file model.cif (mmCIF, C-alpha atoms and all ligand atoms)
data_query
#
loop_
_atom_site.label_atom_id
_atom_site.label_comp_id
_atom_site.auth_asym_id
_atom_site.auth_seq_id
_atom_site.Cartn_x
_atom_site.Cartn_y
_atom_site.Cartn_z
CA MET K 177 9.11 17.75 -12.48
CA THR K 178 5.94 19.55 -11.29
CA SER K 179 3.81 18.12 -8.48
CA PRO K 180 0.99 17.06 -10.87
CA GLU K 181 3.53 15.27 -13.09
CA LEU K 182 5.09 13.55 -10.08
CA ALA K 183 1.61 12.62 -8.82
CA GLN K 184 0.85 10.95 -12.17
CA GLU K 185 4.13 9.05 -12.06
CA LEU K 186 3.42 7.84 -8.52
CA LEU K 187 -0.13 6.91 -9.52
CA ALA K 188 1.10 4.76 -12.41
CA ILE K 189 3.47 2.94 -10.05
CA ALA K 190 0.75 2.49 -7.41
CA ARG K 191 -1.74 1.20 -9.98
CA SER K 192 0.64 -1.45 -11.28
CA ILE K 193 1.65 -2.55 -7.77
CA ALA K 194 -1.96 -2.69 -6.52
CA GLN K 195 -2.89 -4.82 -9.52
CA LYS K 196 -0.11 -7.30 -8.71
CA ALA K 197 -0.96 -7.40 -4.99
CA GLY K 198 -4.65 -7.79 -5.88
CA GLU K 199 -3.91 -10.81 -8.09
CA MET K 200 -1.81 -12.42 -5.38
CA LEU K 201 -4.46 -11.84 -2.71
CA THR K 202 -7.35 -12.95 -4.91
CA ASP K 203 -5.63 -16.32 -5.30
CA ARG K 204 -6.55 -16.98 -1.68
CA PRO K 205 -4.77 -19.87 0.06
CA GLU K 206 -7.04 -22.43 1.73
CA ASN K 207 -5.30 -21.99 5.05
CA LEU K 208 -4.36 -18.65 6.45
CA THR K 209 -1.82 -18.42 9.25
CA ILE K 210 -2.68 -15.61 11.63
CA ASN K 211 -0.75 -13.69 14.20
CA GLN K 212 -2.66 -11.82 16.87
CA LYS K 213 -1.96 -8.13 17.49
CA SER K 214 -3.71 -5.99 20.15
CA SER K 215 -6.57 -8.48 20.79
CA ALA K 216 -8.25 -11.59 19.35
CA ARG K 217 -10.14 -9.34 16.97
CA ASP K 218 -6.96 -7.59 15.77
CA PHE K 219 -4.73 -9.87 13.72
CA ALA K 220 -2.76 -10.13 10.50
CA THR K 221 -2.64 -13.16 8.19
CA HIS K 222 0.47 -14.36 6.43
CA MET K 223 -1.04 -12.78 3.30
CA ASP K 224 -0.96 -9.32 4.94
CA HIS K 225 2.80 -9.80 5.30
CA ALA K 226 3.18 -11.22 1.79
CA SER K 227 1.25 -8.29 0.31
CA GLU K 228 3.33 -5.73 2.21
CA ALA K 229 6.56 -7.47 1.10
CA LEU K 230 5.43 -7.36 -2.55
CA ILE K 231 4.41 -3.69 -2.36
CA VAL K 232 7.64 -2.64 -0.65
CA ARG K 233 9.79 -4.59 -3.11
CA GLU K 234 8.02 -3.02 -6.10
CA ILE K 235 8.14 0.54 -4.72
CA LEU K 236 11.85 0.28 -4.06
CA ALA K 237 12.50 -1.21 -7.49
CA ALA K 238 10.82 1.84 -9.06
CA ARG K 239 11.94 4.53 -6.58
CA PRO K 240 14.77 3.37 -4.31
CA ASP K 241 15.12 6.68 -2.43
CA ASP K 242 11.51 6.94 -1.25
CA GLY K 243 10.44 6.36 2.33
CA ILE K 244 7.75 3.80 3.24
CA VAL K 245 5.42 3.38 6.22
CA GLY K 246 3.49 0.10 6.18
CA GLU K 247 1.07 -1.37 8.69
CA GLU K 248 3.00 -4.63 8.93
CA ASP K 249 6.08 -2.90 10.35
CA THR K 250 7.80 -1.33 7.33
CA GLN K 251 9.54 1.93 8.32
CA ARG K 252 11.97 3.47 5.83
CA GLU K 253 13.27 7.02 5.88
CA SER K 254 12.84 9.02 2.68
CA LYS K 255 15.81 10.48 0.86
CA SER K 256 13.71 11.83 -2.01
CA GLY K 257 11.04 13.77 -0.09
CA ILE K 258 8.34 11.20 -1.00
CA THR K 259 7.05 8.71 1.57
CA TRP K 260 4.57 5.95 0.72
CA VAL K 261 1.90 4.99 3.23
CA ILE K 262 0.51 1.51 2.67
CA ASP K 263 -2.08 -0.82 4.10
CA PRO K 264 -1.31 -4.16 2.43
CA ILE K 265 -4.77 -5.54 3.29
CA ASP K 266 -7.30 -3.13 4.72
CA GLY K 267 -10.17 -5.25 6.00
CA THR K 268 -8.16 -8.27 7.13
CA VAL K 269 -11.15 -9.72 8.99
CA ASN K 270 -13.16 -9.63 5.74
CA TYR K 271 -10.24 -11.24 3.91
CA PHE K 272 -9.99 -13.96 6.56
CA TYR K 273 -13.68 -14.81 6.27
CA ASP K 274 -13.68 -14.47 2.46
CA LEU K 275 -16.07 -11.52 2.61
CA SER K 276 -15.89 -8.73 0.03
CA GLY K 277 -14.48 -5.23 0.40
CA TRP K 278 -10.94 -5.91 1.60
CA ASN K 279 -8.56 -3.72 -0.31
CA ILE K 280 -5.05 -2.54 -0.87
CA SER K 281 -4.52 1.10 0.09
CA ILE K 282 -1.49 2.95 -1.27
CA ALA K 283 -0.73 6.65 -0.79
CA ALA K 284 2.33 8.81 -1.37
CA LYS K 285 2.99 12.02 0.53
CA ASP K 286 5.39 14.94 0.19
CA ASP K 287 6.08 17.87 2.53
CA GLN K 288 2.59 19.27 1.88
CA GLY K 289 0.66 16.09 2.66
CA VAL K 290 -0.79 13.29 0.57
CA LEU K 291 -0.12 13.80 -3.13
CA MET K 292 -1.64 10.60 -4.52
CA GLY K 293 -3.97 7.96 -3.12
CA LEU K 294 -5.23 4.71 -4.59
CA VAL K 295 -7.56 2.09 -3.12
CA TYR K 296 -8.09 -1.18 -4.99
CA ALA K 297 -10.83 -3.58 -3.91
CA PRO K 298 -10.80 -6.51 -6.38
CA THR K 299 -13.85 -8.27 -4.87
CA VAL K 300 -16.06 -5.32 -5.80
CA ASN K 301 -14.23 -4.52 -9.06
CA SER K 302 -13.38 -1.07 -7.78
CA LEU K 303 -10.28 1.04 -8.06
CA TRP K 304 -10.52 4.55 -6.64
CA HIS K 305 -7.77 7.11 -7.05
CA ALA K 306 -7.05 10.78 -6.57
CA THR K 307 -4.17 13.18 -6.96
CA ARG K 308 -3.94 16.44 -5.00
CA GLY K 309 -5.85 19.08 -6.96
CA GLY K 310 -6.51 16.58 -9.76
CA GLY K 311 -9.94 15.22 -8.75
CA ALA K 312 -11.12 11.78 -7.65
CA PHE K 313 -12.07 8.81 -9.80
CA LYS K 314 -13.61 5.35 -9.55
CA ASN K 315 -12.64 2.94 -12.31
CA GLY K 316 -11.50 5.93 -14.36
CA ARG K 317 -14.71 7.97 -14.00
CA PRO K 318 -14.92 11.24 -12.01
CA ILE K 319 -16.79 10.89 -8.70
CA ARG K 320 -18.62 13.29 -6.38
CA VAL K 321 -19.84 13.04 -2.80
CA ASN K 322 -23.62 13.18 -2.12
CA ASP K 323 -24.60 16.69 -0.99
CA PRO K 324 -26.71 18.18 0.49
CA ILE K 325 -28.05 15.29 2.61
CA GLU K 326 -30.19 15.62 5.75
CA LEU K 327 -29.26 13.50 8.76
CA GLY K 328 -32.67 11.77 8.67
CA SER K 329 -32.07 10.44 5.15
CA ALA K 330 -28.39 9.61 5.53
CA LEU K 331 -26.85 6.18 5.03
CA ILE K 332 -23.85 6.21 7.33
CA ALA K 333 -20.91 3.82 7.47
CA THR K 334 -18.88 3.32 10.60
CA GLY K 335 -16.50 0.87 12.21
CA PHE K 336 -15.86 -0.38 15.71
CA SER K 337 -12.64 -0.22 17.65
CA TYR K 338 -10.53 -3.29 18.49
CA ASN K 339 -10.63 -2.01 22.09
CA THR K 340 -13.42 -3.52 24.25
CA GLU K 341 -14.20 -0.39 26.32
CA ARG K 342 -14.36 1.73 23.15
CA ARG K 343 -16.79 -0.78 21.63
CA LYS K 344 -19.19 -0.39 24.56
CA GLU K 345 -19.17 3.40 24.13
CA GLN K 346 -19.64 3.03 20.38
CA ALA K 347 -22.62 0.70 20.85
CA ILE K 348 -24.29 3.30 23.12
CA PHE K 349 -23.64 6.08 20.60
CA ILE K 350 -25.02 4.00 17.70
CA ALA K 351 -28.14 3.08 19.71
CA ASP K 352 -28.87 6.80 19.99
CA LEU K 353 -28.07 7.60 16.35
CA ILE K 354 -29.71 4.72 14.49
CA PRO K 355 -33.36 5.78 15.03
CA ARG K 356 -32.51 9.20 13.55
CA VAL K 357 -30.77 8.20 10.29
CA ARG K 358 -31.72 6.15 7.22
CA ASP K 359 -29.44 3.30 8.26
CA ILE K 360 -25.97 2.29 9.43
CA ARG K 361 -23.44 0.08 7.61
CA ARG K 362 -20.43 -1.70 9.12
CA LEU K 363 -18.68 -2.96 6.00
CA GLY K 364 -15.30 -3.79 7.55
CA ALA K 365 -12.71 -1.82 5.59
CA ALA K 366 -11.98 1.80 6.44
CA ALA K 367 -10.36 2.73 3.11
CA VAL K 368 -13.39 1.49 1.15
CA ASP K 369 -15.73 3.22 3.62
CA LEU K 370 -14.00 6.50 2.78
CA CYS K 371 -14.08 5.75 -0.95
CA ASN K 372 -17.77 4.89 -0.72
CA VAL K 373 -18.38 8.39 0.68
CA ALA K 374 -16.37 9.82 -2.22
CA SER K 375 -18.37 7.96 -4.87
CA GLY K 376 -21.76 8.35 -3.20
CA SER K 377 -22.35 4.73 -2.14
CA VAL K 378 -22.84 5.94 1.42
CA ASP K 379 -23.53 9.49 2.59
CA ALA K 380 -21.05 9.63 5.45
CA TYR K 381 -18.50 7.69 7.44
CA PHE K 382 -17.10 8.14 10.92
CA GLU K 383 -14.79 6.02 13.02
CA ARG K 384 -12.40 6.35 15.95
CA ASP K 385 -8.85 5.12 16.38
CA LEU K 386 -7.84 4.81 12.74
CA LYS K 387 -4.19 4.83 11.75
CA GLU K 388 -2.35 6.74 9.05
CA TRP K 389 -2.38 3.73 6.67
CA ASP K 390 -6.18 3.36 7.03
CA LEU K 391 -6.71 7.01 6.13
CA ALA K 392 -3.98 8.32 3.82
CA ALA K 393 -5.38 7.32 0.42
CA GLY K 394 -9.09 7.40 1.30
CA VAL K 395 -9.05 10.89 2.82
CA LEU K 396 -7.46 12.42 -0.29
CA ILE K 397 -9.99 10.57 -2.49
CA CYS K 398 -12.86 11.88 -0.32
CA ARG K 399 -11.63 15.46 -0.34
CA GLU K 400 -10.98 15.47 -4.06
CA ALA K 401 -14.57 14.24 -4.50
CA GLY K 402 -15.86 17.27 -2.56
CA ALA K 403 -16.25 15.72 0.89
CA VAL K 404 -15.27 17.46 4.10
CA VAL K 405 -13.06 15.21 6.22
CA THR K 406 -12.09 16.26 9.71
CA GLY K 407 -11.74 14.98 13.23
CA ARG K 408 -13.96 16.25 16.04
CA ASN K 409 -11.88 19.36 16.42
CA GLY K 410 -11.37 20.27 12.80
CA GLY K 411 -8.07 18.51 12.03
CA ILE K 412 -7.22 14.86 11.47
CA GLU K 413 -3.56 14.57 12.43
CA GLY K 414 -3.33 13.16 15.92
CA GLU K 415 -7.13 13.07 16.36
CA GLU K 416 -8.87 9.91 17.43
CA MET K 417 -11.94 10.48 15.22
CA VAL K 418 -12.50 10.88 11.50
CA ILE K 419 -15.76 12.24 10.08
CA ALA K 420 -16.25 12.28 6.29
CA ALA K 421 -19.33 13.54 4.44
CA GLY K 422 -20.61 16.17 2.05
CA PRO K 423 -20.44 19.70 3.55
CA ALA K 424 -24.08 19.88 4.75
CA LEU K 425 -24.17 16.46 6.44
CA HIS K 426 -20.64 16.87 7.80
CA ALA K 427 -21.72 19.93 9.79
CA GLN K 428 -24.67 18.00 11.28
CA LEU K 429 -22.50 15.01 12.14
CA VAL K 430 -19.86 17.13 13.84
CA SER K 431 -22.51 18.55 16.13
CA GLU K 432 -23.87 15.01 16.85
CA ILE K 433 -20.49 13.45 17.48
CA GLY K 434 -18.62 16.41 18.94
C1 LIG X 501 -9.31 -2.16 9.92
C2 LIG X 501 -10.49 -2.02 9.00
C3 LIG X 501 -11.77 -1.88 9.79
C4 LIG X 501 -11.70 -0.74 10.79
C5 LIG X 501 -10.48 -0.89 11.67
C6 LIG X 501 -9.22 -0.97 10.84
P1 LIG X 501 -7.21 -3.60 9.06
O1 LIG X 501 -8.10 -2.24 9.17
O2 LIG X 501 -10.33 -0.89 8.18
O3 LIG X 501 -12.88 -1.61 8.97
O4 LIG X 501 -12.87 -0.76 11.58
O5 LIG X 501 -10.41 0.26 12.51
O6 LIG X 501 -8.10 -1.13 11.68
O7 LIG X 501 -6.74 -3.90 10.45
O8 LIG X 501 -8.09 -4.66 8.52
O9 LIG X 501 -6.14 -3.16 8.13
CA CA X 502 -6.60 -0.91 7.77
CA CA X 503 -4.21 -3.87 7.32
#
call {"tool": "encode", "arguments": {"input": "model.cif", "output": "structure tokens"}}
result
Amino acid sequence: MTSPELAQELLAIARSIAQKAGEMLTDRPENLTINQKSSARDFATHMDHASEALIVREILAARPDDGIVGEEDTQRESKSGITWVIDPIDGTVNYFYDLSGWNISIAAKDDQGVLMGLVYAPTVNSLWHATRGGGAFKNGRPIRVNDPIELGSALIATGFSYNTERRKEQAIFIADLIPRVRDIRRLGAAAVDLCNVASGSVDAYFERDLKEWDLAAGVLICREAGAVVTGRNGGIEGEEMVIAAGPALHAQLVSEIG
């Protein structure tokens, strides 16, 4: 099977799983049990765990030899060369407060990186997907990043760290940036922030301290939509910053943030 064929097979599996997880999560229980992680602002609900369990079960039913990395502790070695990277609810705080934008992020990678990425946000009726070299789509339609955009007319999404000291630094940085851009958005879900760059609903996105499951699907979708996505130093792997935007604005942001 060629890579594009495999990518389509993985996409079909991801689409069906995301749909099922989306239905389960949309039927929101009245009471959510939470367990705290790194701080009071970093927690998972019992629905994060239920969503991850559903996704893992369905992946293994379709492809038992694949590896899986999930935010809620799933770690399985791959025997097939494919590893799935999943965020069972990206935007848990939004989910907890019944705000829109939370999503299910599912990616699959091979030895060359992410091959397929899908982000499904039922509350905004949006499903973004991309395959490596195959373009990026929102609800089945091709998408393209906004470019060229000047810093002064840029709508920029960002997020704030769970770490208190980082937040103070971020507040200082934003105070300097906000008078010089069109506006800032803090929507609360990294995968959708990236997808919004890809489909032109914001001009750029940057954030520190993201994890592989926050980024895997959204970065491929951004890049396939023509965005440049890097860290401060050009890469992403192991970097504590991600900057995503069309080529012209990306260059300006790197010099602002770098
Ligand atoms: C978080 C969200 C949030 C971002 C955090 C992420 P989670 O993911 O994407 O927007 O600011 O950095 O950790 O914890 O809800 O999956
Ligand atoms: Ca996340
Ligand atoms: Ca999550």
call {"tool": "atom_distance", "arguments": {"input": "model.cif", "atom1": "CA of Tyr338 in chain K", "atom2": "CA of His222 in chain K"}}
result
19.7 Å
call {"tool": "residues_near_ligand", "arguments": {"input": "model.cif", "ligand": "ligand CA 503 (chain X)", "cutoff": "9 Å", "atoms": "all atoms listed in the file", "output": "list in words"}}
result
Phe219, Ala220, Asp224, Gly246, Glu247, Glu248, Ile262, Asp263, Pro264, Ile265, Asp266, Gly267, Thr268, Asn279, Ile280, Ser281, Ala365, Trp389 and Asp390 of chain K
call {"tool": "atom_distance", "arguments": {"input": "model.cif", "atom1": "CA of Arg358 in chain K", "atom2": "CA of Leu331 in chain K"}}
result
5.3 Å
call {"tool": "closest_residue", "arguments": {"input": "model.cif", "among": "K:Leu386, K:Ala312, K:Leu182, K:Met417", "to": "ligand CA 502 (chain X)", "atoms": "all atoms listed in the file"}}
result
K:Leu386
call {"tool": "axis_aligned_box", "arguments": {"input": "model.cif", "around": "ligand LIG 501 (chain X)", "padding_each_side": "3 Å", "output": "AutoDock Vina command-line options"}}
result
--center_x -9.5 --center_y -2.2 --center_z 10.3 --size_x 12.7 --size_y 10.9 --size_z 10.4
call {"tool": "atom_distance", "arguments": {"input": "model.cif", "atom1": "CA of Val404 in chain K", "atom2": "CA of His426 in chain K"}}
result
6.5 Å
call {"tool": "residues_around", "arguments": {"input": "model.cif", "residues": "Ala333 in chain K", "least_positions_apart": "6", "cutoff": "7 Å", "atoms": "only C-alpha atoms", "output": "PyMOL selection string"}}
result
chain K and resi 360-362+369+378+380-382
call {"tool": "write_last_selection", "arguments": {"input": "model.cif", "atoms": "C-alpha atoms", "output": "PDB file, in the frame of the given file"}}
result
ATOM      1  CA  ILE K 360     -25.970   2.290   9.430  1.00  0.00           C
ATOM      2  CA  ARG K 361     -23.440   0.080   7.610  1.00  0.00           C
ATOM      3  CA  ARG K 362     -20.430  -1.700   9.120  1.00  0.00           C
ATOM      4  CA  ASP K 369     -15.730   3.220   3.620  1.00  0.00           C
ATOM      5  CA  VAL K 378     -22.840   5.940   1.420  1.00  0.00           C
ATOM      6  CA  ALA K 380     -21.050   9.630   5.450  1.00  0.00           C
ATOM      7  CA  TYR K 381     -18.500   7.690   7.440  1.00  0.00           C
ATOM      8  CA  PHE K 382     -17.100   8.140  10.920  1.00  0.00           C
TER       9      PHE K 382
END
call {"tool": "residues_around", "arguments": {"input": "model.cif", "residues": "Ile354 in chain K", "least_positions_apart": "5", "cutoff": "12 Å", "atoms": "all atoms listed in the file", "output": "list in words"}}
result
Leu327, Gly328, Ser329, Ala330, Leu331, Ile332, Ala333, Thr334, Gln346, Ala347, Ile348, Phe349, Asp359, Ile360 and Arg361 of chain K
call {"tool": "write_last_selection", "arguments": {"input": "model.cif", "atoms": "C-alpha atoms", "output": "PDB file, keeping the file's coordinate frame"}}
result
ATOM      1  CA  LEU K 327     -29.260  13.500   8.760  1.00  0.00           C
ATOM      2  CA  GLY K 328     -32.670  11.770   8.670  1.00  0.00           C
ATOM      3  CA  SER K 329     -32.070  10.440   5.150  1.00  0.00           C
ATOM      4  CA  ALA K 330     -28.390   9.610   5.530  1.00  0.00           C
ATOM      5  CA  LEU K 331     -26.850   6.180   5.030  1.00  0.00           C
ATOM      6  CA  ILE K 332     -23.850   6.210   7.330  1.00  0.00           C
ATOM      7  CA  ALA K 333     -20.910   3.820   7.470  1.00  0.00           C
ATOM      8  CA  THR K 334     -18.880   3.320  10.600  1.00  0.00           C
ATOM      9  CA  GLN K 346     -19.640   3.030  20.380  1.00  0.00           C
ATOM     10  CA  ALA K 347     -22.620   0.700  20.850  1.00  0.00           C
ATOM     11  CA  ILE K 348     -24.290   3.300  23.120  1.00  0.00           C
ATOM     12  CA  PHE K 349     -23.640   6.080  20.600  1.00  0.00           C
ATOM     13  CA  ASP K 359     -29.440   3.300   8.260  1.00  0.00           C
ATOM     14  CA  ILE K 360     -25.970   2.290   9.430  1.00  0.00           C
ATOM     15  CA  ARG K 361     -23.440   0.080   7.610  1.00  0.00           C
TER      16      ARG K 361
END
call {"tool": "closest_residue", "arguments": {"input": "model.cif", "among": "K:Leu429, K:Ala284, K:Leu396, K:Leu391", "to": "Glu416 in chain K", "atoms": "all atoms listed in the file"}}
result
K:Leu391
call {"tool": "residues_around", "arguments": {"input": "model.cif", "residues": "range 200-216 of chain K", "least_positions_apart": "2", "cutoff": "9 Å", "atoms": "only C-alpha atoms", "output": "list in words"}}
result
Gln195, Lys196, Ala197, Gly198, Asp218, Phe219, Ala220, Thr221, His222, Met223, Asp224, Ala226, Ser227, Ile265, Tyr271, Phe272, Asp274, Pro298, Thr299, Tyr338 and Asn339 of chain K
call {"tool": "closest_residue", "arguments": {"input": "model.cif", "among": "K:Pro423, K:Gly310, K:Gly289, K:Gly364", "to": "ligand LIG 501 (chain X)", "atoms": "all atoms listed in the file"}}
result
K:Gly364
call {"tool": "closest_residue", "arguments": {"input": "model.cif", "among": "K:Glu388, K:Asp241, K:Asp323, K:Glu400", "to": "Gly422 in chain K", "atoms": "only C-alpha atoms"}}
result
K:Asp323
call {"tool": "build_atoms", "arguments": {"input": "model.cif", "residues": "range 336-362 of chain K", "atoms": "N, CA and C atoms", "output": "CSV table (one decimal), in the coordinates of the input"}}
result
chain,number,residue,atom,x,y,z
K,336,PHE,N,-16.0,-0.3,14.3
K,336,PHE,CA,-15.9,-0.4,15.7
K,336,PHE,C,-14.4,-0.7,16.1
K,337,SER,N,-14.0,-0.1,17.2
K,337,SER,CA,-12.6,-0.2,17.6
K,337,SER,C,-12.3,-1.7,18.0
K,338,TYR,N,-11.0,-2.0,18.0
K,338,TYR,CA,-10.5,-3.3,18.5
K,338,TYR,C,-10.6,-3.3,20.0
K,339,ASN,N,-10.7,-2.1,20.6
K,339,ASN,CA,-10.6,-2.0,22.1
K,339,ASN,C,-12.0,-2.2,22.7
K,340,THR,N,-12.1,-3.1,23.7
K,340,THR,CA,-13.4,-3.5,24.2
K,340,THR,C,-14.2,-2.4,24.9
K,341,GLU,N,-13.5,-1.5,25.7
K,341,GLU,CA,-14.2,-0.4,26.3
K,341,GLU,C,-14.7,0.6,25.3
K,342,ARG,N,-13.9,0.8,24.2
K,342,ARG,CA,-14.4,1.7,23.2
K,342,ARG,C,-15.6,1.2,22.5
K,343,ARG,N,-15.6,-0.1,22.3
K,343,ARG,CA,-16.8,-0.8,21.6
K,343,ARG,C,-18.1,-0.5,22.4
K,344,LYS,N,-18.0,-0.6,23.7
K,344,LYS,CA,-19.2,-0.4,24.6
K,344,LYS,C,-19.7,1.0,24.3
K,345,GLU,N,-18.8,2.0,24.4
K,345,GLU,CA,-19.2,3.4,24.1
K,345,GLU,C,-19.8,3.6,22.7
K,346,GLN,N,-19.2,2.9,21.8
K,346,GLN,CA,-19.6,3.0,20.4
K,346,GLN,C,-21.0,2.4,20.2
K,347,ALA,N,-21.3,1.3,20.9
K,347,ALA,CA,-22.6,0.7,20.8
K,347,ALA,C,-23.7,1.7,21.4
K,348,ILE,N,-23.3,2.3,22.5
K,348,ILE,CA,-24.3,3.3,23.1
K,348,ILE,C,-24.6,4.5,22.2
K,349,PHE,N,-23.5,5.0,21.5
K,349,PHE,CA,-23.6,6.1,20.6
K,349,PHE,C,-24.5,5.7,19.4
K,350,ILE,N,-24.3,4.5,18.9
K,350,ILE,CA,-25.0,4.0,17.7
K,350,ILE,C,-26.5,3.8,18.1
K,351,ALA,N,-26.7,3.3,19.3
K,351,ALA,CA,-28.1,3.1,19.7
K,351,ALA,C,-28.9,4.4,19.7
K,352,ASP,N,-28.2,5.5,20.0
K,352,ASP,CA,-28.9,6.8,20.0
K,352,ASP,C,-29.0,7.3,18.6
K,353,LEU,N,-28.1,7.0,17.7
K,353,LEU,CA,-28.1,7.6,16.4
K,353,LEU,C,-29.0,6.9,15.4
K,354,ILE,N,-29.1,5.5,15.5
K,354,ILE,CA,-29.7,4.7,14.5
K,354,ILE,C,-31.2,5.0,14.3
K,355,PRO,N,-32.0,5.4,15.3
K,355,PRO,CA,-33.4,5.8,15.0
K,355,PRO,C,-33.5,7.1,14.3
K,356,ARG,N,-32.4,7.9,14.1
K,356,ARG,CA,-32.5,9.2,13.6
K,356,ARG,C,-31.9,9.3,12.2
K,357,VAL,N,-31.4,8.2,11.6
K,357,VAL,CA,-30.8,8.2,10.3
K,357,VAL,C,-31.4,7.1,9.4
K,358,ARG,N,-31.1,7.2,8.1
K,358,ARG,CA,-31.7,6.2,7.2
K,358,ARG,C,-31.3,4.8,7.6
K,359,ASP,N,-30.0,4.6,7.8
K,359,ASP,CA,-29.4,3.3,8.3
K,359,ASP,C,-27.9,3.4,8.5
K,360,ILE,N,-27.4,2.4,9.1
K,360,ILE,CA,-26.0,2.3,9.4
K,360,ILE,C,-25.4,1.1,8.7
K,361,ARG,N,-24.2,1.2,8.2
K,361,ARG,CA,-23.4,0.1,7.6
K,361,ARG,C,-22.1,-0.1,8.3
K,362,ARG,N,-21.8,-1.4,8.6
K,362,ARG,CA,-20.4,-1.7,9.1
K,362,ARG,C,-19.8,-2.7,8.1
